[in-house]
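Colleague: Would you mind keeping the following structure in view while I ask a few things?
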Amino acid sequence: MNAVRRRTITKLIGRLNGLLGQMEDLLGDIDIVREEENEALNNMPESLMETDRYAQIEAAADNLEEAYDTFSEMKDSLEDVVNSLEAAQE
């Protein structure tokens, strides 16, 4: 690989690592909201478990779990991209 392409890859890796940092922060924020919603669901009185409100909270908790998992997988994929670019530089 020539020096120009190697420098281009180095810049790409830097940009992607910045993006990974942002993604880590966002993942932490999603996790906080996910935990709070699960806590609200777990603290719901039994008498409200058959209500529309409970169903809404349960659906929100499920969607937040899905969002967290999907975003986490996306971050892992981006880490794989960075690893591949680093290997290409060698």
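In the structure tokens, each chain is lettered A, B, ... as it comes, each chain's residues begin at 1, and ligands are numbered from 1 in order of appearance.
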Quick one: residues within 8 Å of stretch 51-63 of chain A, only C-alpha atoms counted, chain neighbours fewer than 5 positions away excluded, as a PyMOL selection string?

Modeller: chain A and resi 34+37-38+40-41+44

Colleague: As an MDAnalysis selection string, please: the residues near A:Met1 (cut-off 12 Å, only C-alpha atoms, same-chain neighbours under 2 positions excluded).

Modeller: chainID A and resid 3:9 87:90

Colleague: Please produce an output containing C-alpha atoms for each residue in the selection, written as a PDB file, in the first residue's frame.

Modeller:
ATOM      1  CA  ALA A   3       1.778   6.253   1.621  1.00  0.00           C
ATOM      2  CA  VAL A   4      -1.168   8.282   0.293  1.00  0.00           C
ATOM      3  CA  ARG A   5      -3.655   5.463   0.794  1.00  0.00           C
ATOM      4  CA  ARG A   6      -2.125   4.650   4.174  1.00  0.00           C
ATOM      5  CA  ARG A   7      -2.636   8.290   5.312  1.00  0.00           C
ATOM      6  CA  THR A   8      -6.197   8.225   3.984  1.00  0.00           C
ATOM      7  CA  ILE A   9      -6.917   5.091   5.993  1.00  0.00           C
ATOM      8  CA  ALA A  87      -5.286  -4.629   9.176  1.00  0.00           C
ATOM      9  CA  ALA A  88      -5.294  -3.185   5.671  1.00  0.00           C
ATOM     10  CA  GLN A  89      -2.619  -0.700   6.709  1.00  0.00           C
ATOM     11  CA  GLU A  90      -0.189  -3.405   7.793  1.00  0.00           C
TER      12      GLU A  90
END

Colleague: I'd like the neighbourhood of A:Glu79 as an MDAnalysis selection string, where a residue qualifies if any of its atoms comes within 9 Å (using only C-alpha atoms), though same-chain residues fewer than 4 positions away should be ignored.

Modeller: chainID A and resid 16:17 20 74:75 83:84

Colleague: Out of A:Ser72, A:Asn2, A:Thr10, A:Asn42, which residue has the shortest atom-to-atom distance to A:Ile30 when counting only C-alpha atoms?

Modeller: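 Under the stated criterion, the closest residue is A:Ser72.
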